[in-house]
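> Right, I'll just put the structure down here and ask away after.
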Amino acid sequence: MAATILRRLIHMIAVLFGISVLVFLIFFATPGANPADRIAGKNASPQTIARVEKEFGLNRPLPVQYVIMMKKLFISRNLTSFVNLGEKVVPQVFKAAPITLSLVSGAAVIWIVFAIVIGALAAAFRNGWVDRTLMVLSLIGISMPVFWVATMANLITQGVWHHTWLFSWVPPLGYVDFTASPLGWFKALIIPWITLAILYIGLYARVLRAALIETMQEDFIRTARAKGLTERQVLLRHALRCSLVSVVTLFGLDFGVLVGGGALLTEVVFGLQGVGYLTYQALETLDLPMIMATVIYASVFVVVSNAVVDIVYAAFDPRMRLRR
Amino acid sequence: MSNLLDVTDLAVSFRTRSGLIRAVDGVSFSIAEREILGIVGESGSGKSLTVLAILDLINDPNVVIAGSIRFKGTELIGQKPGVLRRLRGGAIAMIFQDPMTALTPVFTIGAQIAEQIRIHTELSRHAARSRAVDLLDAVGLPDPARAAARYPQELSGGQRQRAVIAMALSCNPALLLADEPTTALDVTVQAQILELIRKLRDDFNSAVILITHNLGVVAETADRVAVMYSGRIVESASTTALFADPHHPYTWGLLGSMPALDGIRRPRLATIQGLPPALNRRPPGCAFSPRCAFVRPACINARPPLTGTEHQVACIIPAPERATARTQALAA
Amino acid sequence: MSDALLSIDKLTKTYTTGSALLASGKTMIRAVDAVSFTIANGETLGLVGESGCGKSTLGRCVTRLLDVSSGSITLAGTDITRQRGAALRETRAGLQMIFQDPYASLNPRRRVRDIVAEPLIVHHRGTRRDIRDNVAALIQAVGLRSEHLDRFPHEFSGGQRQRVGIARALALSPKLIVADEPVSALDVSVQAQIINLLTDLKRERGIAFLFIAHDLGVVRQIADRVAVMYLGNIIELGATEQILAAPAHPYTEALISAVPVADPARAAHKTRIVLAGDPPSPANPPRGCPFHPRCGYATDICKTTKPALEVLNDGRFTACHHPRQG
Ligand SMILES: Nc1ncnc2c1ncn2[C@@H]1O[C@H](COP(=O)(O)OP(=O)(O)OP(=O)(O)O)[C@@H](O)[C@H]1O
Ligand SMILES: Nc1ncnc2c1ncn2[C@@H]1O[C@H](COP(=O)(O)OP(=O)(O)OP(=O)(O)O)[C@@H](O)[C@H]1O
Ligand code: SF4
Ligand SMILES: [Mg+2]
Ligand SMILES: [Mg+2]
């Protein structure tokens with residue numbers, strides 16, 4: 001187990017290094033454009049460009065430029081935006097990260113719990129009416145665009161029905177820090193959580209159902225039945241545990257992508273100033289340092305959560321530990 | 001002595017678009033306490049379905065099981081699920097062919113054995129665990145305490161099959177159903193497992209139904225043998241009688257096509273022409289008639305019943321003519 | 001031996017497994033360990049041993065489907081060990097392989113006619129017409145009928161598929177066929193049909209076989225000589241009847257005694273040698289004789305010194321410090 005973790009960590013660091021080099025090359029070494037121009041932003045003065053060139057060592061060899069950039073991102077963390085003059089980029093990302101993390105983790109808890117319950121129910125009653133109803137519902141969940149769901153949710157909870165007893169508790173749009181008020185945090189996020197989770201509930205429930213039905217055909221399920229277990233015990237103890245692997249894999253990817261800024265639409269509609277929101281703004285203003293910071297941050301998250309998932313995987317499923 | 005299990009006219013059919021397919025077509029046999037019954041037959045002859053039907057383990061919504069299966073006098077066909085479930089793994093345990101896939105990969109061997117013990121007894125988690133270790137020891141797994149903490153894929157095929165057997169024995173079953181327990185194993189490991197199965201009867205007082213397609217395995221292990229062909233039993237006798245004086249032309253064919261390890265080496269093996277019939281195109285008479293060298297008009301029209309008391313055979317060749325026919329069959 | 005068709009000298013094949021990132025995770029598996037033997041023209045050598053002992057690896061090295069790690073393979077006087085390109089293609093024409101799983105080795109989307117004709121077309125053997133006649137003749141030779149030519153593999157039973165595989169292997173009139181467990185997946189009665197077919201082919205066409213099997217009875221039926229493998233090594237090699245009647249190596253002895261006899265009268269008083277344990281992993285083979293941890297005759301020398309494959313008085317070879325015969 002320890003060896004698995006170590007191997008995975010080394011792998012992770014190698015991947016992160018690769019990504020940072022790649023991102024750096026895209027921004028600093030693509031032919032045809034002067035990186036200084038891009039960093040300085042639209043309509044920058046020649047003095048600003050000269051300052052950028054000096055600050056980022058742009059006349060020095062590429063590896064040195066890379067080191068300077070990484071230093072600014074990770075060590076001194078004083079990378080500044082030239083679009084919003086003087087604004088330090090890294091602290092902004094750090095401020096946005098907890099918001100995104102809160103949003104995505106809460107949604108993840110909801111989607112995992114519901115997906116497991118729905119997937120297991122559908123598999124247990126496969127081809128019956130329970131199964132069909134649940135699968136139609138999950139298909140609807142998958143096909144509703146997040147943007148639309150979010151807007152509708154806003155319309156209902158903030159607008160038309162806000163003054164009924166049902167939704168009067170919903171606070172105005174925006175984020176409430178957990179440390180300031182846990183209840184406020186919860187109230188502010190519950191509607192965004194559900195909104196974000198709907199798609200994934202549908203997706204995961206379907207994947208889990210398929211995996212469960214496949215697992216139920218395995219030989220060891222027959223052994224489990226032959227031991228005298230009830231059908232429910234067979235499903236919940238033996239089949240579910242083996243089928244969760246496919247869900248865990250998906251989860252690692254989806255979680256990383258969402259935390260890395262993939263929840264952009266939800267964040268924008270609900271006015272949550274998370275990482276997605278930040279990227280969105282930076283892209284609008286072509287704020288290169290900010291884009292760079294969010295991209296690197298996003299990749300760190302995708303890679304780290306993938307590594308964590310692999311390790312969880314190994315804990316979950318001993319088959320993974322042995323396979324090299 | 002009364003029988004432990006009586007199977008009468010068992011039929012296992014599947015509903016398909018082109019009507020009912022009878023995969024097991026009227027099988028009757030019984031087994032006494034502490035007896036080892038071998039069921040031999042080639043692939044698709046219905047061996048697995050026959051024993052799976054006993055515990056209602058055929059996992060197909062289109063299956064139809066008819067006939068009678070009496071275990072210690074209780075009818076099992078149409079029995080309530082709860083009653084069958086208490087029998088499964090308790091009084092009747094089962095071992096499957098492929099030890100590689102028969103155990104759940106995400107639980108340790110010990111946990112899987114303990115789980116079965118706790119279904120059928122009141123033992124505590126801890127006591128069940130230590131009984132699991134004792135069982136692993138009893139089936140000859142080296143270092144049983146460590147083995148109990150291992151996952152199935154960390155053991156070799158033979159060790160896994162021992163673990164499966166330990167699990168099957170955990171609640172002292174009166175009847176053990178073993179579906180090709182050694183087919184996936186090497187000969188030297190097969191020899192170990194067969195030795196273990198022979199020993200079981202003495203240590204655990206279990207009767208065993210041993211399914212195999214290897215005539216050598218039955219010859220060395222079983223007290224009685226039933227030969228299956230196309231969903232039917234064509235011959236059934238004590239092991240000694242069956243091998244000393246086989247009655248059915250199909251049994252002759254099977255014995256003749258087995259390359260032997262000693263005796264004279266025949267330049268060519270005796271073979272049976274053709275293939276078994278498709279289950280939905282079984283001939284109306286004897287299922288073996290299209291391939292039989294001794295076929296007569298009577299074989300084609302009516303299914304020969306399984307006759308005889310000690311040595312049963314489903315063939316109309318009159319007893320006095322058998323010996324000459326067999327010599328003919330071997331010469332061909 | 002100079003008149004040997006195939007001659008294998010100290011052939012070794014190692015597999016490297018494990019992660020490429022961490023050197024510590026790497027393991028070397030010596031699947032075939034310095035094996036030497038010859039096969040004469042028209043001779044059948046049976047290769048027996050238990051699962052994982054390296055039989056398939058050896059067979060695949062001989063047909064050059066795998067690259068060898070060291071040692072040499074000589075076919076009809078030509079060293080083919082490191083042949084490439086056109087020369088290798090030419091060699092392969094005379095050196096065919098039949099596999100255990102006839103289904104996996106036949107392209108499911110092609111008709112039998114095309115499957116059997118393929119090697120002829122690839123090697124430009126004759127005109128279209130010649131090839132068509134040739135295919136028809138081949139399919140008859142393996143006991144199928146010409147109406148079978150237009151069917152697909154899935155329309156056949158296991159035994160019939162194996163016949164198609166054999167027809168394909170025969171197409172280029174090879175001198176040597178490596179058959180890797182060709183009958184192991186078949187029922188006894190079908191197995192007997194295929195064994196008879198191979199026996200006939202061998203006699204009529206003078207083809208030599210390297211016949212891999214784990215069933216000793218099958219090997220006895222078809223092989224002139226037999227080689228017994230254990231953990232990547234050949235531990236006994238000699239005439240089939242000689243070895244089966246009186247094995248010299250303790251492992252061969254145990255292997256033979258483990259085969260169940262379809263005769264209760266004899267089974268009752270045969271001496272059973274039930275080996276303890278499983279074959280060790282080729283990733284870390286024991287020191288000394290590879291068989292010593294399971295051997296009933298092992299002495300101290302067995303634990304330290306690996307016995308070489310040496311010829312005994314009766315002409316067979318065995319690798320044992322305490323041979324039971326000869
Ligand atoms: N669920 C099913 N639906 C339809 N046919 C089935 C089903 N299960 C088994 N059969 C058919 O019933 C026949 C008997 O099957 P069974 O598994 O009992 O054979 P077997 O004697 O155990 O063979 P083997 O040696 O290959 O295990 C086979 O021809 C098989 O195709
Ligand atoms: N591609 C591979 N990579 C690593 N190890 C391998 C590979 N192929 C085979 N081996 C190992 O080499 C050894 C010999 O394998 P091989 O397939 O030759 O055995 P075999 O005698 O043919 O066994 P079987 O009777 O099961 O077919 C085994 O321990 C196997 O695990
Ligand atoms: S060398 Fe020794 S250990 Fe090896 S087989 Fe011979 S007697 Fe047994
Ligand atoms: Mg079966
Ligand atoms: Mg092999």
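Ligands are numbered from 1 in the order shown, chains are lettered A, B, ... in the order of the structure tokens, and residues start at 1 in each chain.
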Write out as a list in words each polymer residue whose atoms come within 8 Å of Ala76 (chain C), counting only C-alpha atoms; drop sequence neighbours fewer than 4 positions from it.

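Once the nearby chain positions are removed, what remains is Ala4, Leu5 and Leu6 of chain C.
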
> When you look at Glu267 (chain A) with a cut-off of 12 Å (counting only C-alpha atoms), what residues show up, excluding the ones that are within fewer than 6 positions of it in the same chain? I need them as a PyMOL selection string.

chain A and resi 96-97+99-104+146-147+150-151+173-175+189+191-193+195-196+258-259+261+273-281

> Could you pull out the helix (DSSP H, G or I) residues of region 167-309 of chain A, going by DSSP on the backbone, and write them as a PyMOL selection string?

chain A and resi 182-215+219-226+231-262+264-269+275-285+288-309

> Give the residues close to ligand 5, within 7 Å, counting only C-alpha atoms and all ligand atoms; write them as a list in words.

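Result of the 7 Å neighbour search around ligand 5: Ser51, Gly52, Lys55, Ser56 and Asp180 of chain C.
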
> Store the residues of this selection in a file with C-alpha atoms, as a CSV table (one decimal), in the first residue's frame.


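Final output, saved to again.csv:
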```csv
chain,number,residue,atom,x,y,z
C,51,SER,CA,0.5,-24.1,-16.2
C,52,GLY,CA,3.1,-21.3,-16.3
C,55,LYS,CA,5.5,-24.1,-22.8
C,56,SER,CA,3.7,-21.4,-24.7
C,180,ASP,CA,0.1,-25.0,-28.6
```

> C:Cys302, C:Met97, C:Val48, C:Ile131: which is nearest ligand 3, counting only C-alpha atoms and all ligand atoms?

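Selected residue with least distance to ligand 3: C:Cys302.
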
> Once you count only C-alpha atoms, which residues of chain B turn out to be within 7 Å of chain C? Could you give them as a PyMOL selection string?

chain B and resi 42-43+186-188+191-192+215-217+219-220+239-240+243+254+257-261+265+268-269+271-272

> Please find the residues contacting ligand 1 at a distance of at most 6 Å between atoms, with only C-alpha atoms and all ligand atoms counted, and report them as a PyMOL selection string.

chain B and resi 14+23+42-49+60

> Save out the residues we just selected, C-alpha atoms, as an mmCIF file, in the first residue's frame.


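again-v6.cif, freshly written:
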```cif
data_model
loop_
_atom_site.group_PDB
_atom_site.id
_atom_site.type_symbol
_atom_site.label_atom_id
_atom_site.label_comp_id
_atom_site.auth_asym_id
_atom_site.auth_seq_id
_atom_site.Cartn_x
_atom_site.Cartn_y
_atom_site.Cartn_z
ATOM 1 C CA PHE B 14 -35.847 -22.174 -20.868
ATOM 2 C CA ALA B 23 -31.846 -28.424 -21.371
ATOM 3 C CA GLU B 42 -19.505 -33.597 -22.246
ATOM 4 C CA SER B 43 -19.939 -29.873 -22.446
ATOM 5 C CA GLY B 44 -23.574 -28.836 -22.690
ATOM 6 C CA SER B 45 -24.993 -32.136 -21.454
ATOM 7 C CA GLY B 46 -26.765 -30.398 -18.579
ATOM 8 C CA LYS B 47 -24.557 -31.340 -15.636
ATOM 9 C CA SER B 48 -24.325 -27.859 -14.155
ATOM 10 C CA LEU B 49 -28.012 -27.091 -14.612
ATOM 11 C CA ASP B 60 -32.368 -16.684 -15.578
#
```

> Could I get the residue neighbourhood of ligand 2 at 10 Å, counting only C-alpha atoms and all ligand atoms, as a PyMOL selection string?

(chain B and resi 185-186) or (chain C and resi 13-18+27-32+47-61+66+100+180-181+184+212-214+229-232+279-283)

> Store the residues of this selection in a file with N, CA and C atoms, as a CSV table (one decimal), in the first residue's frame.


```csv
chain,number,residue,atom,x,y,z
B,185,LEU,N,-7.7,-26.7,-12.9
B,185,LEU,CA,-6.4,-26.8,-12.1
B,185,LEU,C,-5.4,-27.7,-12.8
B,186,ASP,N,-4.2,-27.6,-12.5
B,186,ASP,CA,-3.2,-28.5,-13.0
B,186,ASP,C,-3.3,-30.0,-12.4
C,13,LYS,N,14.4,-17.1,-22.5
C,13,LYS,CA,13.5,-15.9,-22.7
C,13,LYS,C,13.1,-15.3,-21.3
C,14,THR,N,13.5,-14.0,-21.1
C,14,THR,CA,13.1,-13.4,-19.9
C,14,THR,C,12.1,-12.3,-20.2
C,15,TYR,N,11.1,-12.2,-19.3
C,15,TYR,CA,10.1,-11.1,-19.4
C,15,TYR,C,10.5,-10.2,-18.3
C,16,THR,N,10.3,-8.9,-18.6
C,16,THR,CA,10.5,-7.9,-17.6
C,16,THR,C,9.1,-7.3,-17.3
C,17,THR,N,8.7,-7.3,-16.1
C,17,THR,CA,7.5,-6.7,-15.7
C,17,THR,C,7.7,-5.7,-14.7
C,18,GLY,N,6.6,-4.9,-14.4
C,18,GLY,CA,6.7,-3.9,-13.4
C,18,GLY,C,6.7,-2.5,-14.0
C,27,THR,N,10.5,-6.7,-12.1
C,27,THR,CA,10.9,-8.1,-11.8
C,27,THR,C,11.3,-8.7,-13.2
C,28,MET,N,12.3,-9.6,-13.1
C,28,MET,CA,12.6,-10.4,-14.3
C,28,MET,C,12.1,-11.8,-14.1
C,29,ILE,N,11.4,-12.2,-15.2
C,29,ILE,CA,10.8,-13.6,-15.1
C,29,ILE,C,11.5,-14.4,-16.2
C,30,ARG,N,12.3,-15.4,-15.7
C,30,ARG,CA,12.9,-16.3,-16.7
C,30,ARG,C,11.9,-17.4,-17.1
C,31,ALA,N,11.1,-17.1,-18.1
C,31,ALA,CA,10.1,-18.0,-18.4
C,31,ALA,C,10.6,-19.3,-19.1
C,32,VAL,N,11.7,-19.1,-19.9
C,32,VAL,CA,12.4,-20.3,-20.5
C,32,VAL,C,13.9,-20.1,-20.2
C,47,LEU,N,5.6,-31.6,-25.7
C,47,LEU,CA,6.2,-30.7,-24.6
C,47,LEU,C,5.1,-30.7,-23.5
C,48,VAL,N,5.4,-31.2,-22.4
C,48,VAL,CA,4.4,-31.2,-21.3
C,48,VAL,C,4.9,-30.5,-20.1
C,49,GLY,N,4.0,-30.1,-19.2
C,49,GLY,CA,4.3,-29.4,-18.0
C,49,GLY,C,3.1,-28.6,-17.6
C,50,GLU,N,3.2,-28.2,-16.3
C,50,GLU,CA,2.0,-27.5,-15.8
C,50,GLU,C,1.9,-26.1,-16.2
C,51,SER,N,0.8,-25.5,-15.9
C,51,SER,CA,0.5,-24.1,-16.2
C,51,SER,C,1.6,-23.2,-15.7
C,52,GLY,N,2.1,-22.3,-16.6
C,52,GLY,CA,3.1,-21.3,-16.3
C,52,GLY,C,4.5,-21.8,-16.3
C,53,CYS,N,4.7,-23.1,-16.8
C,53,CYS,CA,6.1,-23.5,-16.8
C,53,CYS,C,6.9,-23.0,-18.0
C,54,GLY,N,6.2,-22.4,-19.0
C,54,GLY,CA,6.9,-21.8,-20.1
C,54,GLY,C,6.7,-22.5,-21.4
C,55,LYS,N,5.8,-23.4,-21.5
C,55,LYS,CA,5.5,-24.1,-22.8
C,55,LYS,C,5.2,-23.1,-23.9
C,56,SER,N,4.2,-22.3,-23.7
C,56,SER,CA,3.7,-21.4,-24.7
C,56,SER,C,4.8,-20.4,-25.1
C,57,THR,N,5.6,-19.9,-24.1
C,57,THR,CA,6.6,-19.0,-24.4
C,57,THR,C,7.7,-19.7,-25.3
C,58,LEU,N,8.0,-20.9,-25.0
C,58,LEU,CA,9.0,-21.6,-25.8
C,58,LEU,C,8.4,-21.8,-27.2
C,59,GLY,N,7.2,-22.2,-27.3
C,59,GLY,CA,6.6,-22.4,-28.7
C,59,GLY,C,6.6,-21.1,-29.5
C,60,ARG,N,6.3,-20.0,-28.8
C,60,ARG,CA,6.2,-18.7,-29.5
C,60,ARG,C,7.6,-18.2,-29.9
C,61,CYS,N,8.6,-18.6,-29.1
C,61,CYS,CA,10.0,-18.2,-29.5
C,61,CYS,C,10.4,-19.0,-30.7
C,66,LEU,N,7.8,-14.4,-30.6
C,66,LEU,CA,8.5,-13.7,-29.6
C,66,LEU,C,10.0,-13.6,-29.9
C,100,GLN,N,-4.5,-22.9,-29.0
C,100,GLN,CA,-5.4,-23.6,-28.2
C,100,GLN,C,-6.9,-23.1,-28.5
C,180,ASP,N,0.1,-25.4,-30.0
C,180,ASP,CA,0.1,-25.0,-28.6
C,180,ASP,C,-1.2,-25.4,-28.0
C,181,GLU,N,-1.3,-26.5,-27.3
C,181,GLU,CA,-2.5,-27.1,-26.7
C,181,GLU,C,-3.7,-27.1,-27.6
C,184,SER,N,-6.8,-28.9,-25.9
C,184,SER,CA,-7.1,-28.7,-24.5
C,184,SER,C,-8.5,-28.2,-24.3
C,212,ILE,N,2.6,-29.1,-27.9
C,212,ILE,CA,2.5,-28.6,-26.5
C,212,ILE,C,1.2,-29.1,-25.9
C,213,ALA,N,1.2,-29.7,-24.7
C,213,ALA,CA,0.0,-30.2,-24.1
C,213,ALA,C,0.2,-30.3,-22.6
C,214,HIS,N,-0.8,-30.3,-21.8
C,214,HIS,CA,-0.6,-30.6,-20.4
C,214,HIS,C,-1.2,-32.0,-20.1
C,229,MET,N,8.7,-30.1,-18.9
C,229,MET,CA,9.2,-28.9,-18.5
C,229,MET,C,8.8,-28.6,-17.0
C,230,TYR,N,9.6,-27.9,-16.3
C,230,TYR,CA,9.3,-27.5,-14.9
C,230,TYR,C,10.0,-26.1,-14.7
C,231,LEU,N,9.2,-25.1,-14.5
C,231,LEU,CA,9.7,-23.8,-14.1
C,231,LEU,C,10.8,-23.3,-15.2
C,232,GLY,N,10.4,-23.4,-16.4
C,232,GLY,CA,11.3,-22.9,-17.5
C,232,GLY,C,12.4,-23.8,-17.9
C,279,PRO,N,3.7,-25.1,-7.8
C,279,PRO,CA,4.9,-24.7,-8.5
C,279,PRO,C,5.4,-23.3,-8.0
C,280,PRO,N,6.6,-23.1,-7.7
C,280,PRO,CA,7.1,-21.8,-7.3
C,280,PRO,C,7.0,-20.8,-8.5
C,281,SER,N,7.0,-19.5,-8.1
C,281,SER,CA,6.9,-18.5,-9.2
C,281,SER,C,8.2,-18.4,-10.0
C,282,PRO,N,8.2,-18.3,-11.3
C,282,PRO,CA,9.4,-18.1,-12.0
C,282,PRO,C,10.1,-16.8,-11.8
C,283,ALA,N,9.4,-15.9,-11.0
C,283,ALA,CA,10.0,-14.6,-10.7
C,283,ALA,C,11.1,-14.8,-9.7
```

> Give me the residues of chain B that have any atom at most 12 Å from an atom of ligand 4; for each, the nearest atom pair and the distance in Å, rounded to one decimal. Use only C-alpha atoms and all ligand atoms, sort by chain and number, and format it as JSON lines.


```
{"residue": "B:Ile39", "atom": "CA", "partner": "ligand 4", "partner_atom_place_in_ligand_line": "1 (Mg)", "distance": 10.8}
{"residue": "B:Val40", "atom": "CA", "partner": "ligand 4", "partner_atom_place_in_ligand_line": "1 (Mg)", "distance": 10.3}
{"residue": "B:Gly41", "atom": "CA", "partner": "ligand 4", "partner_atom_place_in_ligand_line": "1 (Mg)", "distance": 9.5}
{"residue": "B:Glu42", "atom": "CA", "partner": "ligand 4", "partner_atom_place_in_ligand_line": "1 (Mg)", "distance": 9.0}
{"residue": "B:Ser43", "atom": "CA", "partner": "ligand 4", "partner_atom_place_in_ligand_line": "1 (Mg)", "distance": 6.8}
{"residue": "B:Gly44", "atom": "CA", "partner": "ligand 4", "partner_atom_place_in_ligand_line": "1 (Mg)", "distance": 7.1}
{"residue": "B:Ser45", "atom": "CA", "partner": "ligand 4", "partner_atom_place_in_ligand_line": "1 (Mg)", "distance": 8.3}
{"residue": "B:Gly46", "atom": "CA", "partner": "ligand 4", "partner_atom_place_in_ligand_line": "1 (Mg)", "distance": 7.1}
{"residue": "B:Lys47", "atom": "CA", "partner": "ligand 4", "partner_atom_place_in_ligand_line": "1 (Mg)", "distance": 5.7}
{"residue": "B:Ser48", "atom": "CA", "partner": "ligand 4", "partner_atom_place_in_ligand_line": "1 (Mg)", "distance": 4.1}
{"residue": "B:Leu49", "atom": "CA", "partner": "ligand 4", "partner_atom_place_in_ligand_line": "1 (Mg)", "distance": 7.3}
{"residue": "B:Thr50", "atom": "CA", "partner": "ligand 4", "partner_atom_place_in_ligand_line": "1 (Mg)", "distance": 9.4}
{"residue": "B:Val51", "atom": "CA", "partner": "ligand 4", "partner_atom_place_in_ligand_line": "1 (Mg)", "distance": 9.4}
{"residue": "B:Leu52", "atom": "CA", "partner": "ligand 4", "partner_atom_place_in_ligand_line": "1 (Mg)", "distance": 9.6}
{"residue": "B:Ile58", "atom": "CA", "partner": "ligand 4", "partner_atom_place_in_ligand_line": "1 (Mg)", "distance": 11.8}
{"residue": "B:Ile95", "atom": "CA", "partner": "ligand 4", "partner_atom_place_in_ligand_line": "1 (Mg)", "distance": 11.7}
{"residue": "B:Phe96", "atom": "CA", "partner": "ligand 4", "partner_atom_place_in_ligand_line": "1 (Mg)", "distance": 9.0}
{"residue": "B:Gln97", "atom": "CA", "partner": "ligand 4", "partner_atom_place_in_ligand_line": "1 (Mg)", "distance": 7.7}
{"residue": "B:Asp98", "atom": "CA", "partner": "ligand 4", "partner_atom_place_in_ligand_line": "1 (Mg)", "distance": 10.4}
{"residue": "B:Ala178", "atom": "CA", "partner": "ligand 4", "partner_atom_place_in_ligand_line": "1 (Mg)", "distance": 10.4}
{"residue": "B:Asp179", "atom": "CA", "partner": "ligand 4", "partner_atom_place_in_ligand_line": "1 (Mg)", "distance": 6.6}
{"residue": "B:Glu180", "atom": "CA", "partner": "ligand 4", "partner_atom_place_in_ligand_line": "1 (Mg)", "distance": 7.1}
{"residue": "B:Pro181", "atom": "CA", "partner": "ligand 4", "partner_atom_place_in_ligand_line": "1 (Mg)", "distance": 10.4}
{"residue": "B:Thr183", "atom": "CA", "partner": "ligand 4", "partner_atom_place_in_ligand_line": "1 (Mg)", "distance": 10.2}
{"residue": "B:Ala184", "atom": "CA", "partner": "ligand 4", "partner_atom_place_in_ligand_line": "1 (Mg)", "distance": 12.0}
{"residue": "B:Leu210", "atom": "CA", "partner": "ligand 4", "partner_atom_place_in_ligand_line": "1 (Mg)", "distance": 11.3}
{"residue": "B:Ile211", "atom": "CA", "partner": "ligand 4", "partner_atom_place_in_ligand_line": "1 (Mg)", "distance": 7.9}
{"residue": "B:Thr212", "atom": "CA", "partner": "ligand 4", "partner_atom_place_in_ligand_line": "1 (Mg)", "distance": 8.2}
{"residue": "B:His213", "atom": "CA", "partner": "ligand 4", "partner_atom_place_in_ligand_line": "1 (Mg)", "distance": 9.0}
{"residue": "B:Met228", "atom": "CA", "partner": "ligand 4", "partner_atom_place_in_ligand_line": "1 (Mg)", "distance": 11.9}
{"residue": "B:Gly231", "atom": "CA", "partner": "ligand 4", "partner_atom_place_in_ligand_line": "1 (Mg)", "distance": 11.9}
```

> Contacts from chain A to chain B, 6 Å maximum, only C-alpha atoms: show me the residue list as a PyMOL selection string.

chain A and resi 219-220+226-228+317-318

> Could you please determine the separation between CA of Thr63 (chain C) and CA of Val226 (chain C) in Å, to one decimal place?

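Interatomic distance here is 19.0 Å.
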
> Hey, which residues come within 6 Å of ligand 3 if we count only C-alpha atoms and all ligand atoms? Could you give them as a list in words?

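If we count only C-alpha atoms and all ligand atoms, the neighbours of ligand 3 turn out to be His249, Pro250, Cys289, Phe291, His292, Cys295, Tyr297, Ala298, Cys302, Pro307, Cys320, His321 and His322 of chain C.
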
> Could you pull out the residues in region 190-285 of chain B that DSSP calls strand (DSSP E or B) from the backbone, as a list in words?

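For region 190-285 of chain B, the strand (DSSP E or B) set is Ala207, Val208, Ile209, Leu210, Ile211, Thr212, Arg224, Val225, Ala226, Val227, Met228, Tyr229, Arg232, Ile233, Val234, Glu235, Ser236, Ala237 and Ser238 of chain B.
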
> Which value, in Å to one decimal, gives the distance between CA of Ala149 (chain B) and CA of Ile109 (chain B)?

6.5 Å

> Report, in Å to a single decimal, how far apart CA of Thr127 (chain C) and CA of Asp114 (chain C) are.

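Separation of CA of Asp114 (chain C) and CA of Thr127 (chain C): 14.7 Å.
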